[in-house]
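Listing of target_1.txt, compact mmCIF, C-alpha atoms
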# COMPACT_ATOMS: atom_id res chain seq x y z
CA MET H 1 12.93 209.99 -111.80
CA THR H 2 10.93 211.09 -114.82
CA SER H 3 8.47 208.93 -116.71
CA VAL H 4 10.17 206.71 -119.24
CA GLU H 5 8.13 205.38 -122.15
CA LEU H 6 9.83 202.52 -123.91
CA GLY H 7 9.19 202.69 -127.63
CA PRO H 8 6.20 203.60 -129.80
CA VAL H 9 2.98 201.63 -130.02
CA ASP H 10 3.26 199.00 -132.73
CA LYS H 11 0.58 197.75 -135.14
CA ARG H 12 -0.61 195.05 -132.71
CA GLY H 13 -1.12 197.56 -129.90
CA GLY H 14 1.95 196.44 -127.96
CA ILE H 15 5.11 198.30 -127.15
CA GLU H 16 8.01 197.89 -129.51
CA GLY H 17 11.22 197.08 -127.77
CA VAL H 18 12.87 194.16 -126.17
CA THR H 19 10.56 191.28 -125.38
CA VAL H 20 11.22 188.22 -123.30
CA PRO H 21 9.49 185.00 -124.38
CA LEU H 22 8.55 182.28 -121.91
CA ASP H 23 7.58 178.88 -123.32
CA ILE H 24 4.85 176.88 -121.60
CA THR H 25 3.19 173.63 -122.60
CA VAL H 26 -0.35 173.61 -121.24
CA ARG H 27 -0.85 171.04 -118.48
CA PHE H 28 -4.09 169.12 -117.98
CA ALA H 29 -4.46 170.66 -114.50
CA GLU H 30 -4.67 174.12 -116.11
CA THR H 31 -7.84 173.22 -118.03
CA ASP H 32 -11.46 173.32 -116.93
CA GLN H 33 -14.34 170.88 -117.42
CA MET H 34 -14.67 172.03 -121.05
CA GLY H 35 -11.05 171.15 -121.77
CA VAL H 36 -10.11 174.83 -122.14
CA VAL H 37 -7.46 176.59 -120.08
CA HIS H 38 -9.16 178.29 -117.12
CA HIS H 39 -9.10 182.06 -117.51
CA SER H 40 -7.19 182.52 -114.24
CA GLU H 41 -4.15 180.73 -115.70
CA CYS H 42 -3.50 183.68 -118.03
CA VAL H 43 -2.97 185.89 -114.98
CA VAL H 44 -0.54 183.32 -113.54
CA TRP H 45 1.29 183.22 -116.90
CA PHE H 46 1.47 187.03 -116.95
CA GLU H 47 3.25 186.87 -113.59
CA ALA H 48 5.62 184.15 -114.82
CA GLY H 49 6.40 186.30 -117.88
CA ARG H 50 7.03 189.36 -115.72
CA VAL H 51 9.38 187.47 -113.41
CA ALA H 52 11.25 186.06 -116.45
CA TRP H 53 11.49 189.57 -117.97
CA MET H 54 12.95 191.06 -114.78
CA GLU H 55 15.44 188.21 -114.44
CA ALA H 56 16.52 188.67 -118.08
CA ALA H 57 17.01 192.39 -117.36
CA GLY H 58 19.39 191.49 -114.53
CA MET H 59 16.94 192.51 -111.80
CA PRO H 60 15.50 189.28 -110.36
CA TYR H 61 12.29 189.85 -108.44
CA THR H 62 13.72 187.85 -105.54
CA GLU H 63 16.41 190.53 -105.18
CA ILE H 64 13.81 193.33 -105.20
CA ALA H 65 11.75 191.56 -102.51
CA GLY H 66 14.90 190.72 -100.56
CA ALA H 67 15.74 194.43 -100.43
CA GLY H 68 12.32 195.15 -98.89
CA PHE H 69 10.40 196.30 -101.97
CA ASN H 70 7.53 194.84 -103.96
CA PHE H 71 5.48 195.79 -107.00
CA ALA H 72 1.84 195.63 -105.91
CA VAL H 73 -0.67 195.11 -108.73
CA THR H 74 -2.99 198.10 -109.13
CA ASP H 75 -4.56 197.22 -112.48
CA LEU H 76 -4.80 194.10 -114.58
CA GLN H 77 -6.41 193.63 -117.96
CA CYS H 78 -6.61 190.43 -119.95
CA ARG H 79 -8.44 190.06 -123.27
CA TYR H 80 -9.19 186.48 -124.20
CA ARG H 81 -9.11 185.97 -127.98
CA ASN H 82 -8.94 182.21 -128.63
CA ALA H 83 -9.36 179.08 -126.55
CA ILE H 84 -6.20 177.44 -125.24
CA ARG H 85 -6.28 173.66 -124.77
CA PHE H 86 -4.32 170.92 -123.04
CA GLY H 87 -0.97 170.34 -124.75
CA ASP H 88 -0.96 173.61 -126.69
CA PRO H 89 2.55 175.07 -127.08
CA VAL H 90 2.17 178.52 -125.56
CA GLN H 91 4.57 181.44 -125.47
CA VAL H 92 4.10 184.36 -123.09
CA ILE H 93 5.75 187.45 -124.58
CA THR H 94 6.44 190.21 -122.05
CA ARG H 95 7.46 193.84 -122.56
CA LEU H 96 8.20 196.62 -120.10
CA ALA H 97 5.79 199.36 -121.22
CA MET H 98 6.33 202.12 -118.66
CA LEU H 99 8.50 202.96 -115.69
CA ARG H 100 7.78 206.03 -113.57
CA SER H 101 8.96 207.15 -110.16
CA ARG H 102 6.43 204.91 -108.35
CA GLN H 103 4.77 202.93 -111.13
CA ILE H 104 5.64 200.20 -113.60
CA GLU H 105 3.61 198.60 -116.39
CA PHE H 106 4.16 195.39 -118.32
CA GLN H 107 2.35 194.26 -121.46
CA TYR H 108 1.80 190.65 -122.45
CA GLU H 109 0.80 188.49 -125.38
CA ILE H 110 0.03 184.82 -125.04
CA ARG H 111 0.54 183.10 -128.41
CA ASN H 112 0.72 179.65 -129.89
CA ARG H 113 4.45 179.30 -130.45
CA GLN H 114 3.94 177.16 -133.58
CA THR H 115 1.09 178.97 -135.36
CA ASP H 116 1.53 182.47 -133.85
CA VAL H 117 -2.23 182.62 -133.07
CA ILE H 118 -2.87 185.13 -130.28
CA TYR H 119 -4.72 183.52 -127.39
CA ALA H 120 -4.79 186.51 -125.05
CA ASP H 121 -3.14 189.85 -124.40
CA GLY H 122 -3.15 192.38 -121.64
CA HIS H 123 -1.21 194.42 -119.14
CA THR H 124 -0.48 194.78 -115.46
CA ARG H 125 0.24 198.03 -113.65
CA HIS H 126 2.04 198.14 -110.34
CA ILE H 127 3.12 200.56 -107.63
CA CYS H 128 6.31 200.17 -105.69
CA VAL H 129 5.73 199.50 -101.99
CA ASP H 130 8.12 199.06 -99.09
CA SER H 131 8.13 196.14 -96.66
CA ALA H 132 5.36 197.80 -94.63
CA GLY H 133 3.15 198.06 -97.74
CA ARG H 134 3.52 201.85 -98.07
CA MET H 135 3.83 203.33 -101.54
CA THR H 136 7.37 204.49 -102.23
CA ARG H 137 9.59 205.52 -105.12
CA VAL H 138 11.21 202.81 -107.21
CA PRO H 139 14.79 202.89 -105.90
CA GLU H 140 17.20 204.27 -108.49
CA TRP H 141 19.34 201.11 -108.48
CA ILE H 142 16.26 199.02 -109.33
CA ALA H 143 15.08 201.42 -112.04
CA GLU H 144 18.51 201.49 -113.67
CA ARG H 145 18.69 197.72 -113.84
CA LEU H 146 15.12 197.41 -115.13
CA LEU H 147 16.02 199.75 -117.98
CA ARG H 148 18.88 197.53 -119.13
CA GLU H 149 18.24 195.51 -122.24
CA PRO H 150 17.02 192.06 -121.17
CA VAL H 151 18.84 188.99 -122.43
CA PRO H 152 16.21 186.24 -122.59
CA LYS H 153 17.06 182.65 -121.83
CA MET H 154 16.24 180.32 -124.67
CA GLY H 155 12.70 178.93 -124.19
CA ALA H 156 12.56 178.31 -120.47
CA ALA H 157 9.94 175.57 -120.67
CA LYS H 158 7.46 174.99 -117.88
Could I get this structure in the form of structure tokens?
Amino acid sequence: MTSVELGPVDKRGGIEGVTVPLDITVRFAETDQMGVVHHSECVVWFEAGRVAWMEAAGMPYTEIAGAGFNFAVTDLQCRYRNAIRFGDPVQVITRLAMLRSRQIEFQYEIRNRQTDVIYADGHTRHICVDSAGRMTRVPEWIAERLLREPVPKMGAAK
């Protein structure tokens, strides 16, 4: 399979194309002693956004794992721009940025869903591995389904 780039870079530095939003209302347990969301929660929200994106594309991650494949994280970047606090209405916006024979990349924005303020953005890069943890090609049937246009569910609240 050849490298597939999905859309040009837009003005915000993201990839234009189909995005899948995931609505989250910040829970008290996700905040630290300062009343700010702990930085590690953004990584958890990236994963939740990625899982929602794959499900919307018709390729649930549970099906990928059930077939003996996983996408191991090889790189993760998160830029924190504004503090997120208990009760904030957050939206994780996920895009598929790149799909190659063995690699996949997702880009994320975490925004306030009422004010559109960007709290954080970033990306994760992954390699496809088999059930023994060995790097392998993304199976064609998985790649084809990942390249379908996702149909997001309306505001799957957490």
Any idea what's packed within 7 Å of Arg102 in chain H, counting only C-alpha atoms, ignoring anything in its chain fewer than 4 positions away? Could you give it as a PyMOL selection string?
chain H and resi 127-128+136-138
Taking C-alpha atoms for each residue, export the selection above as a PDB file, in the coordinates of the input.
ATOM      1  CA  ILE H 127       3.120 200.560-107.630  1.00  0.00           C
ATOM      2  CA  CYS H 128       6.310 200.170-105.690  1.00  0.00           C
ATOM      3  CA  THR H 136       7.370 204.490-102.230  1.00  0.00           C
ATOM      4  CA  ARG H 137       9.590 205.520-105.120  1.00  0.00           C
ATOM      5  CA  VAL H 138      11.210 202.810-107.210  1.00  0.00           C
TER       6      VAL H 138
END
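Residue nearest Arg81 in chain H within the list H:Thr19, H:Thr25, H:Thr31, H:Asn112: H:Asn112 [criterion: smallest interatomic distance, all atoms listed in the file].
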Using only C-alpha atoms and a cutoff of 10 Å, can you tell me which residues are near (3.3, 199.5, -112.2) in the file's coordinates, and write them out as a PyMOL selection string?
chain H and resi 71-75+96-106+123-128+138
Which one of H:Ala56, H:Ile118, H:Ala83, H:Leu76 sits closest to Pro21 in chain H if you count all atoms listed in the file?
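Residue with the minimum atom-to-atom distance to Pro21 in chain H: H:Ala56.
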Point out the residue among H:Gly133, H:Gly49, H:Pro89, H:Pro139 with the least atom-to-atom distance to Asp116 in chain H, counting all atoms listed in the file.
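Once distances to Asp116 in chain H are computed over all atoms listed in the file, the minimum belongs to H:Pro89.
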Do a neighbour search on Asp88 in chain H at 12 Å with all atoms listed in the file, toss out local chain neighbours closer than 6 positions, and write the hits as a PyMOL selection string.
chain H and resi 23-28+30-31+35-37+82+110-117+119
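Distances from H:Gln107, H:Gly68, H:Ala29, H:Pro152 to Ser131 in chain H were compared using all atoms listed in the file, and the smallest one belongs to H:Gly68.
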Give the answer as one residue: which of H:Asn70, H:Glu47, H:Met54, H:Glu41 has the shortest atom-to-atom distance to Met135 in chain H, using all atoms listed in the file?
H:Asn70
Between CA of Gly66 in chain H and CA of Pro150 in chain H, measure the distance and give it in Å to one decimal.
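Computed distance, CA of Gly66 in chain H to CA of Pro150 in chain H, equals 20.8 Å.
If only C-alpha atoms are the atoms counted, then among H:Val18, H:Ala132, H:Ala120, H:Ile93 the closest residue to Val51 in chain H is H:Ile93.
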